[in-house]
>>> print(open('structure_34.csv').read())   # CSV, N, CA, C and O atoms
chain,number,residue,atom,x,y,z
A,1,ILE,N,15.2,7.9,-11.3
A,1,ILE,CA,14.9,6.5,-11.1
A,1,ILE,C,14.9,5.8,-12.4
A,1,ILE,O,15.4,4.7,-12.5
A,2,ILE,N,14.3,6.3,-13.4
A,2,ILE,CA,14.2,5.7,-14.7
A,2,ILE,C,15.6,5.6,-15.4
A,2,ILE,O,15.9,4.6,-16.0
A,3,GLU,N,16.4,6.7,-15.2
A,3,GLU,CA,17.7,6.7,-15.9
A,3,GLU,C,18.6,5.6,-15.4
A,3,GLU,O,19.4,5.1,-16.1
A,4,SER,N,18.4,5.1,-14.2
A,4,SER,CA,19.3,4.1,-13.6
A,4,SER,C,18.8,2.7,-14.0
A,4,SER,O,19.5,1.7,-13.8
A,5,GLN,N,17.7,2.6,-14.7
A,5,GLN,CA,17.2,1.3,-15.1
A,5,GLN,C,17.8,0.9,-16.4
A,5,GLN,O,18.2,1.7,-17.3
A,6,ASN,N,18.0,-0.4,-16.6
A,6,ASN,CA,18.5,-1.0,-17.8
A,6,ASN,C,17.5,-1.8,-18.6
A,6,ASN,O,17.4,-3.0,-18.4
A,7,PHE,N,16.6,-1.1,-19.3
A,7,PHE,CA,15.5,-1.7,-20.0
A,7,PHE,C,16.0,-2.3,-21.3
A,7,PHE,O,16.5,-1.6,-22.1
A,8,LYS,N,15.8,-3.6,-21.4
A,8,LYS,CA,16.2,-4.3,-22.7
A,8,LYS,C,15.0,-4.9,-23.4
A,8,LYS,O,15.0,-5.0,-24.6
A,9,THR,N,14.0,-5.2,-22.7
A,9,THR,CA,12.8,-5.8,-23.2
A,9,THR,C,11.5,-5.2,-22.7
A,9,THR,O,11.6,-4.4,-21.7
A,10,ARG,N,10.4,-5.5,-23.3
A,10,ARG,CA,9.1,-5.0,-22.9
A,10,ARG,C,8.9,-5.6,-21.4
A,10,ARG,O,8.3,-4.9,-20.6
A,11,GLU,N,9.3,-6.8,-21.2
A,11,GLU,CA,9.1,-7.4,-19.9
A,11,GLU,C,9.9,-6.6,-18.8
A,11,GLU,O,9.4,-6.5,-17.6
A,12,ASP,N,11.0,-6.1,-19.1
A,12,ASP,CA,11.8,-5.2,-18.2
A,12,ASP,C,11.0,-4.0,-17.8
A,12,ASP,O,10.9,-3.6,-16.6
A,13,ILE,N,10.3,-3.4,-18.8
A,13,ILE,CA,9.5,-2.2,-18.6
A,13,ILE,C,8.3,-2.6,-17.7
A,13,ILE,O,7.9,-1.9,-16.8
A,14,ASN,N,7.6,-3.7,-18.1
A,14,ASN,CA,6.5,-4.1,-17.3
A,14,ASN,C,6.8,-4.4,-15.9
A,14,ASN,O,6.0,-4.1,-15.0
A,15,LYS,N,7.9,-5.1,-15.6
A,15,LYS,CA,8.3,-5.3,-14.2
A,15,LYS,C,8.6,-4.0,-13.5
A,15,LYS,O,8.2,-3.9,-12.3
A,16,PHE,N,9.3,-3.1,-14.1
A,16,PHE,CA,9.5,-1.8,-13.5
A,16,PHE,C,8.2,-1.1,-13.2
A,16,PHE,O,8.1,-0.6,-12.0
A,17,MET,N,7.3,-1.1,-14.1
A,17,MET,CA,6.0,-0.5,-13.9
A,17,MET,C,5.2,-1.2,-12.8
A,17,MET,O,4.6,-0.5,-11.9
A,18,LYS,N,5.2,-2.5,-12.7
A,18,LYS,CA,4.5,-3.2,-11.7
A,18,LYS,C,5.1,-2.9,-10.3
A,18,LYS,O,4.4,-2.6,-9.4
A,19,ASP,N,6.4,-2.9,-10.2
A,19,ASP,CA,7.1,-2.5,-8.9
A,19,ASP,C,6.8,-1.1,-8.5
A,19,ASP,O,6.5,-0.8,-7.4
A,20,LEU,N,6.8,-0.2,-9.5
A,20,LEU,CA,6.5,1.2,-9.3
A,20,LEU,C,5.0,1.4,-8.8
A,20,LEU,O,4.8,2.1,-7.8
A,21,VAL,N,4.1,0.8,-9.5
A,21,VAL,CA,2.7,0.9,-9.1
A,21,VAL,C,2.5,0.3,-7.7
A,21,VAL,O,1.8,0.9,-6.9
A,22,GLY,N,3.1,-0.8,-7.4
A,22,GLY,CA,3.0,-1.5,-6.1
A,22,GLY,C,3.5,-0.6,-5.0
A,22,GLY,O,2.9,-0.4,-4.0
A,23,GLU,N,4.7,0.0,-5.2
A,23,GLU,CA,5.2,0.9,-4.2
A,23,GLU,C,4.4,2.2,-4.0
A,23,GLU,O,4.2,2.6,-2.9
A,24,ILE,N,3.9,2.7,-5.1
A,24,ILE,CA,3.0,3.9,-5.0
A,24,ILE,C,1.7,3.6,-4.2
A,24,ILE,O,1.3,4.3,-3.3
A,25,MET,N,1.1,2.4,-4.5
A,25,MET,CA,-0.1,2.0,-3.8
A,25,MET,C,0.1,1.8,-2.3
A,25,MET,O,-0.7,2.2,-1.5
A,26,GLN,N,1.3,1.2,-2.0
A,26,GLN,CA,1.6,0.9,-0.6
A,26,GLN,C,1.8,2.3,0.1
A,26,GLN,O,1.3,2.5,1.2
A,27,GLN,N,2.5,3.2,-0.5
A,27,GLN,CA,2.7,4.5,0.1
A,27,GLN,C,1.4,5.3,0.3
A,27,GLN,O,1.2,5.9,1.4
A,28,MET,N,0.6,5.2,-0.7
A,28,MET,CA,-0.7,5.9,-0.6
A,28,MET,C,-1.6,5.3,0.6
A,28,MET,O,-2.2,6.0,1.3
A,29,LEU,N,-1.6,4.0,0.7
A,29,LEU,CA,-2.3,3.3,1.8
A,29,LEU,C,-1.7,3.7,3.1
A,29,LEU,O,-2.5,4.0,4.0
A,30,ASN,N,-0.4,3.7,3.2
A,30,ASN,CA,0.2,4.1,4.5
A,30,ASN,C,-0.1,5.5,4.9
A,30,ASN,O,-0.4,5.8,6.0
A,31,LYS,N,-0.1,6.4,3.9
A,31,LYS,CA,-0.4,7.8,4.1
A,31,LYS,C,-1.9,8.0,4.6
A,31,LYS,O,-2.2,8.7,5.5
A,32,GLU,N,-2.8,7.2,3.9
A,32,GLU,CA,-4.2,7.2,4.3
A,32,GLU,C,-4.4,6.7,5.7
A,32,GLU,O,-5.1,7.3,6.5
A,33,PHE,N,-3.6,5.7,6.1
A,33,PHE,CA,-3.7,5.2,7.5
A,33,PHE,C,-3.2,6.2,8.5
A,33,PHE,O,-3.8,6.4,9.5
A,34,ASN,N,-2.1,6.9,8.1
A,34,ASN,CA,-1.5,7.9,9.0
A,34,ASN,C,-2.6,9.0,9.3
A,34,ASN,O,-2.7,9.5,10.4
A,35,GLU,N,-3.3,9.4,8.2
A,35,GLU,CA,-4.3,10.4,8.4
A,35,GLU,C,-5.5,9.9,9.2
A,35,GLU,O,-6.0,10.7,10.0
A,36,HIS,N,-5.8,8.7,9.0
A,36,HIS,CA,-6.9,8.1,9.9
A,36,HIS,C,-6.5,8.1,11.3
A,36,HIS,O,-7.3,8.4,12.2
A,37,MET,N,-5.3,7.7,11.6
A,37,MET,CA,-4.8,7.6,13.0
A,37,MET,C,-4.5,9.0,13.6
A,37,MET,O,-4.3,9.1,14.8
A,38,CYS,N,-4.3,10.0,12.8
A,38,CYS,CA,-3.9,11.4,13.2
A,38,CYS,C,-2.5,11.5,13.8
A,38,CYS,O,-2.2,12.4,14.6
A,39,TYR,N,-1.7,10.5,13.6
A,39,TYR,CA,-0.3,10.6,14.0
A,39,TYR,C,0.6,9.6,13.1
A,39,TYR,O,0.1,8.6,12.6
A,40,GLU,N,1.8,10.0,13.0
A,40,GLU,CA,2.8,9.2,12.2
A,40,GLU,C,3.2,8.0,13.0
A,40,GLU,O,3.3,8.0,14.2
A,41,LYS,N,3.6,6.9,12.3
A,41,LYS,CA,4.2,5.7,12.9
A,41,LYS,C,5.4,6.1,13.7
A,41,LYS,O,6.2,6.9,13.3
A,42,GLY,N,5.5,5.6,14.9
A,42,GLY,CA,6.6,5.9,15.8
A,42,GLY,C,6.4,7.1,16.7
A,42,GLY,O,7.2,7.4,17.6
A,43,LYS,N,5.3,7.8,16.5
A,43,LYS,CA,5.0,9.0,17.3
A,43,LYS,C,4.0,8.5,18.4
A,43,LYS,O,3.4,7.5,18.3
A,44,HIS,N,3.8,9.4,19.4
A,44,HIS,CA,2.9,9.1,20.5
A,44,HIS,C,1.5,9.8,20.2
A,44,HIS,O,1.5,10.9,19.7
A,45,SER,N,0.4,9.1,20.7
A,45,SER,CA,-0.9,9.7,20.6
A,45,SER,C,-1.6,9.4,21.9
A,45,SER,O,-1.4,8.4,22.5
A,46,ASP,N,-2.5,10.4,22.3
A,46,ASP,CA,-3.3,10.1,23.5
A,46,ASP,C,-4.7,9.5,23.1
A,46,ASP,O,-5.5,9.2,24.0
A,47,SER,N,-4.9,9.1,21.9
A,47,SER,CA,-6.1,8.5,21.4
A,47,SER,C,-6.2,7.1,22.0
A,47,SER,O,-5.2,6.4,22.3
A,48,LYS,N,-7.5,6.7,22.2
A,48,LYS,CA,-7.7,5.3,22.7
A,48,LYS,C,-7.4,4.3,21.6
A,48,LYS,O,-7.0,3.2,21.8
A,49,ASN,N,-7.6,4.7,20.3
A,49,ASN,CA,-7.3,3.8,19.2
A,49,ASN,C,-5.7,3.9,18.9
A,49,ASN,O,-5.1,4.9,19.1
A,50,SER,N,-5.2,2.8,18.6
A,50,SER,CA,-3.7,2.8,18.3
A,50,SER,C,-3.4,1.8,17.1
A,50,SER,O,-4.3,1.0,16.7
A,51,ARG,N,-2.3,1.9,16.6
A,51,ARG,CA,-1.8,1.0,15.5
A,51,ARG,C,-1.8,-0.4,16.1
A,51,ARG,O,-1.4,-0.6,17.2
A,52,ASN,N,-2.0,-1.3,15.2
A,52,ASN,CA,-2.0,-2.7,15.6
A,52,ASN,C,-1.4,-3.6,14.5
A,52,ASN,O,-1.9,-4.6,14.1
A,53,GLY,N,-0.3,-3.1,14.0
A,53,GLY,CA,0.5,-3.9,13.1
A,53,GLY,C,-0.1,-4.0,11.7
A,53,GLY,O,-0.8,-3.1,11.3
A,54,LEU,N,0.1,-5.1,11.1
A,54,LEU,CA,-0.5,-5.3,9.7
A,54,LEU,C,-1.4,-6.5,9.7
A,54,LEU,O,-1.1,-7.5,10.4
A,55,SER,N,-2.5,-6.5,9.0
A,55,SER,CA,-3.3,-7.6,8.8
A,55,SER,C,-2.7,-8.4,7.6
A,55,SER,O,-1.6,-8.1,7.1
A,56,SER,N,-3.4,-9.3,7.1
A,56,SER,CA,-2.9,-10.2,6.0
A,56,SER,C,-2.5,-9.3,4.8
A,56,SER,O,-3.0,-8.3,4.6
A,57,THR,N,-1.6,-9.9,4.0
A,57,THR,CA,-1.2,-9.2,2.8
A,57,THR,C,-2.3,-9.5,1.7
A,57,THR,O,-2.8,-10.6,1.6
A,58,LYS,N,-2.6,-8.4,1.0
A,58,LYS,CA,-3.6,-8.5,-0.1
A,58,LYS,C,-2.9,-8.4,-1.4
A,58,LYS,O,-2.1,-7.6,-1.6
A,59,ASN,N,-3.3,-9.3,-2.3
A,59,ASN,CA,-2.7,-9.2,-3.7
A,59,ASN,C,-3.6,-8.4,-4.6
A,59,ASN,O,-4.8,-8.7,-4.6
A,60,ILE,N,-3.0,-7.4,-5.2
A,60,ILE,CA,-3.7,-6.5,-6.1
A,60,ILE,C,-3.4,-6.8,-7.5
A,60,ILE,O,-2.2,-7.0,-7.8
A,61,ARG,N,-4.4,-7.0,-8.4
A,61,ARG,CA,-4.1,-7.2,-9.8
A,61,ARG,C,-4.3,-5.9,-10.6
A,61,ARG,O,-5.3,-5.2,-10.4
A,62,THR,N,-3.3,-5.6,-11.4
A,62,THR,CA,-3.4,-4.4,-12.3
A,62,THR,C,-3.0,-4.8,-13.7
A,62,THR,O,-2.7,-6.0,-14.0
A,63,ASN,N,-3.0,-3.9,-14.6
A,63,ASN,CA,-2.6,-4.1,-16.0
A,63,ASN,C,-1.1,-4.6,-16.0
A,63,ASN,O,-0.7,-5.2,-17.0
A,64,TYR,N,-0.4,-4.3,-15.0
A,64,TYR,CA,1.1,-4.7,-15.0
A,64,TYR,C,1.3,-6.0,-14.2
A,64,TYR,O,2.5,-6.3,-14.1
A,65,GLY,N,0.3,-6.6,-13.7
A,65,GLY,CA,0.4,-7.9,-13.0
A,65,GLY,C,-0.1,-7.7,-11.6
A,65,GLY,O,-0.8,-6.8,-11.2
A,66,GLU,N,0.2,-8.7,-10.8
A,66,GLU,CA,-0.2,-8.8,-9.4
A,66,GLU,C,0.9,-8.5,-8.5
A,66,GLU,O,2.0,-8.8,-8.7
A,67,PHE,N,0.6,-7.7,-7.4
A,67,PHE,CA,1.6,-7.4,-6.4
A,67,PHE,C,0.9,-7.4,-5.0
A,67,PHE,O,-0.3,-7.1,-4.9
A,68,PRO,N,1.7,-7.6,-4.0
A,68,PRO,CA,1.2,-7.7,-2.6
A,68,PRO,C,1.1,-6.3,-2.0
A,68,PRO,O,2.0,-5.4,-2.3
A,69,ILE,N,0.1,-6.1,-1.2
A,69,ILE,CA,0.0,-4.8,-0.4
A,69,ILE,C,-0.2,-5.3,1.1
A,69,ILE,O,-1.0,-6.1,1.4
A,70,ASP,N,0.6,-4.7,2.0
A,70,ASP,CA,0.5,-4.9,3.4
A,70,ASP,C,-0.6,-4.0,4.0
A,70,ASP,O,-0.4,-2.8,3.9
A,71,MET,N,-1.7,-4.6,4.5
A,71,MET,CA,-2.8,-3.8,5.0
A,71,MET,C,-2.6,-3.4,6.5
A,71,MET,O,-2.5,-4.3,7.3
A,72,PRO,N,-2.4,-2.1,6.8
A,72,PRO,CA,-2.3,-1.7,8.2
A,72,PRO,C,-3.6,-1.8,8.9
A,72,PRO,O,-4.7,-1.8,8.3
A,73,ARG,N,-3.6,-2.0,10.2
A,73,ARG,CA,-4.8,-2.1,11.0
A,73,ARG,C,-4.7,-1.3,12.3
A,73,ARG,O,-3.6,-1.1,12.8
A,74,ASP,N,-5.8,-1.0,12.8
A,74,ASP,CA,-5.9,-0.3,14.1
A,74,ASP,C,-6.6,-1.1,15.1
A,74,ASP,O,-7.4,-2.0,14.7
A,75,ARG,N,-6.5,-0.8,16.4
A,75,ARG,CA,-7.1,-1.7,17.4
A,75,ARG,C,-8.6,-1.7,17.4
A,75,ARG,O,-9.2,-2.7,17.6
A,76,GLU,N,-9.2,-0.5,17.0
A,76,GLU,CA,-10.6,-0.4,17.0
A,76,GLU,C,-11.2,-1.0,15.7
A,76,GLU,O,-12.4,-1.3,15.6
A,77,GLY,N,-10.4,-1.3,14.7
A,77,GLY,CA,-10.9,-1.8,13.4
A,77,GLY,C,-11.7,-0.8,12.7
A,77,GLY,O,-12.5,-1.2,11.8
A,78,SER,N,-11.4,0.4,12.9
A,78,SER,CA,-12.2,1.5,12.2
A,78,SER,C,-11.6,2.0,10.9
A,78,SER,O,-12.3,2.8,10.2
A,79,PHE,N,-10.4,1.6,10.6
A,79,PHE,CA,-9.8,2.0,9.4
A,79,PHE,C,-10.5,1.4,8.1
A,79,PHE,O,-10.5,0.1,8.0
A,80,GLU,N,-11.0,2.2,7.3
A,80,GLU,CA,-11.7,1.7,6.0
A,80,GLU,C,-11.0,2.4,4.9
A,80,GLU,O,-11.3,3.5,4.5
A,81,PRO,N,-9.9,1.8,4.4
A,81,PRO,CA,-9.1,2.5,3.3
A,81,PRO,C,-10.0,2.7,2.0
A,81,PRO,O,-10.9,2.0,1.7
A,82,LYS,N,-9.6,3.8,1.3
A,82,LYS,CA,-10.3,4.1,0.1
A,82,LYS,C,-9.5,3.6,-1.1
A,82,LYS,O,-10.0,3.3,-2.1
A,83,ILE,N,-8.1,3.6,-1.0
A,83,ILE,CA,-7.3,3.3,-2.1
A,83,ILE,C,-7.3,1.8,-2.4
A,83,ILE,O,-7.3,1.3,-3.5
A,84,VAL,N,-7.4,1.0,-1.3
A,84,VAL,CA,-7.5,-0.5,-1.5
A,84,VAL,C,-8.6,-0.9,-0.5
A,84,VAL,O,-8.4,-0.9,0.7
A,85,LEU,N,-9.7,-1.3,-1.0
A,85,LEU,CA,-10.9,-1.7,-0.2
A,85,LEU,C,-10.6,-3.0,0.6
A,85,LEU,O,-10.0,-3.9,0.0
A,86,LYS,N,-11.0,-3.0,1.9
A,86,LYS,CA,-10.6,-4.2,2.7
A,86,LYS,C,-11.3,-5.5,2.2
A,86,LYS,O,-10.6,-6.5,2.1
A,87,GLU,N,-12.5,-5.5,1.9
A,87,GLU,CA,-13.3,-6.7,1.6
A,87,GLU,C,-13.3,-7.0,0.1
A,87,GLU,O,-13.6,-8.2,-0.2
A,88,LYS,N,-13.0,-6.1,-0.7
A,88,LYS,CA,-13.1,-6.4,-2.2
A,88,LYS,C,-12.0,-7.4,-2.6
A,88,LYS,O,-10.9,-7.3,-2.2
A,89,GLN,N,-12.4,-8.3,-3.4
A,89,GLN,CA,-11.4,-9.2,-4.0
A,89,GLN,C,-10.9,-8.6,-5.3
A,89,GLN,O,-11.7,-8.2,-6.1
A,90,TYR,N,-9.6,-8.6,-5.5
A,90,TYR,CA,-9.0,-8.0,-6.6
A,90,TYR,C,-8.5,-9.0,-7.6
A,90,TYR,O,-8.2,-10.1,-7.3
>>> encode(input="structure_34.csv", output="structure tokens")
Amino acid sequence: IIESQNFKTREDINKFMKDLVGEIMQQMLNKEFNEHMCYEKGKHSDSKNSRNGLSSTKNIRTNYGEFPIDMPRDREGSFEPKIVLKEKQY
């Protein structure tokens, strides 16, 4: 992935890092949600709780800048992510 990048300035590197951190955070949040739900997106479950789309997008600030995270939600509202806290302002 890094070899295909054309870094010319420090800003190019910072943008790449921001995008990379954002993508990693989103993937970690999605994995955490899958574990909470005990089934992968697109699969069937007999649980009363089910996926309920995405709630509002949360902006996360890091050393590389700010980026959006799509917060998944469940019907029971029982998902309490650890990687990105629901109520905390970033």
>>> residues_around(input="structure_34.csv", residues="range 62-69 of chain A", least_positions_apart="4", cutoff="6 Å", atoms="only C-alpha atoms", output="list in words")
Asn14, Lys18, Gln26, Thr57 and Lys58 of chain A
>>> residues_around(input="structure_34.csv", residues="Asp74 in chain A", least_positions_apart="5", cutoff="7 Å", atoms="only C-alpha atoms", output="short mmCIF file (atom, residue, chain, number, x, y, z; two decimals) with N, CA, C and O atoms, in the coordinates of the input")
data_model
loop_
_atom_site.label_atom_id
_atom_site.label_comp_id
_atom_site.auth_asym_id
_atom_site.auth_seq_id
_atom_site.Cartn_x
_atom_site.Cartn_y
_atom_site.Cartn_z
N ASN A 49 -7.60 4.70 20.30
CA ASN A 49 -7.30 3.80 19.20
C ASN A 49 -5.70 3.90 18.90
O ASN A 49 -5.10 4.90 19.10
N SER A 50 -5.20 2.80 18.60
CA SER A 50 -3.70 2.80 18.30
C SER A 50 -3.40 1.80 17.10
O SER A 50 -4.30 1.00 16.70
N ARG A 51 -2.30 1.90 16.60
CA ARG A 51 -1.80 1.00 15.50
C ARG A 51 -1.80 -0.40 16.10
O ARG A 51 -1.40 -0.60 17.20
N ASN A 52 -2.00 -1.30 15.20
CA ASN A 52 -2.00 -2.70 15.60
C ASN A 52 -1.40 -3.60 14.50
O ASN A 52 -1.90 -4.60 14.10
N PHE A 79 -10.40 1.60 10.60
CA PHE A 79 -9.80 2.00 9.40
C PHE A 79 -10.50 1.40 8.10
O PHE A 79 -10.50 0.10 8.00
#
>>> axis_aligned_box(input="structure_34.csv", around="range 45-59 of chain A", padding_each_side="4 Å", output="lines of an AutoDock Vina configuration file")
center_x = -3.6
center_y = -0.1
center_z = 9.7
size_x = 16.2
size_y = 29.0
size_z = 36.6
>>> residues_around(input="structure_34.csv", residues="Lys48 in chain A", least_positions_apart="4", cutoff="12 Å", atoms="only C-alpha atoms", output="list in words")
Met37, Cys38, His44, Asp74, Arg75 and Glu76 of chain A
>>> closest_residue(input="structure_34.csv", among="A:Pro72, A:Asn6, A:Ser55, A:Asp19", to="Glu32 in chain A", atoms="only C-alpha atoms")
A:Pro72
>>> atom_distance(input="structure_34.csv", atom1="CA of Gly77 in chain A", atom2="CA of Leu20 in chain A")
28.8 Å
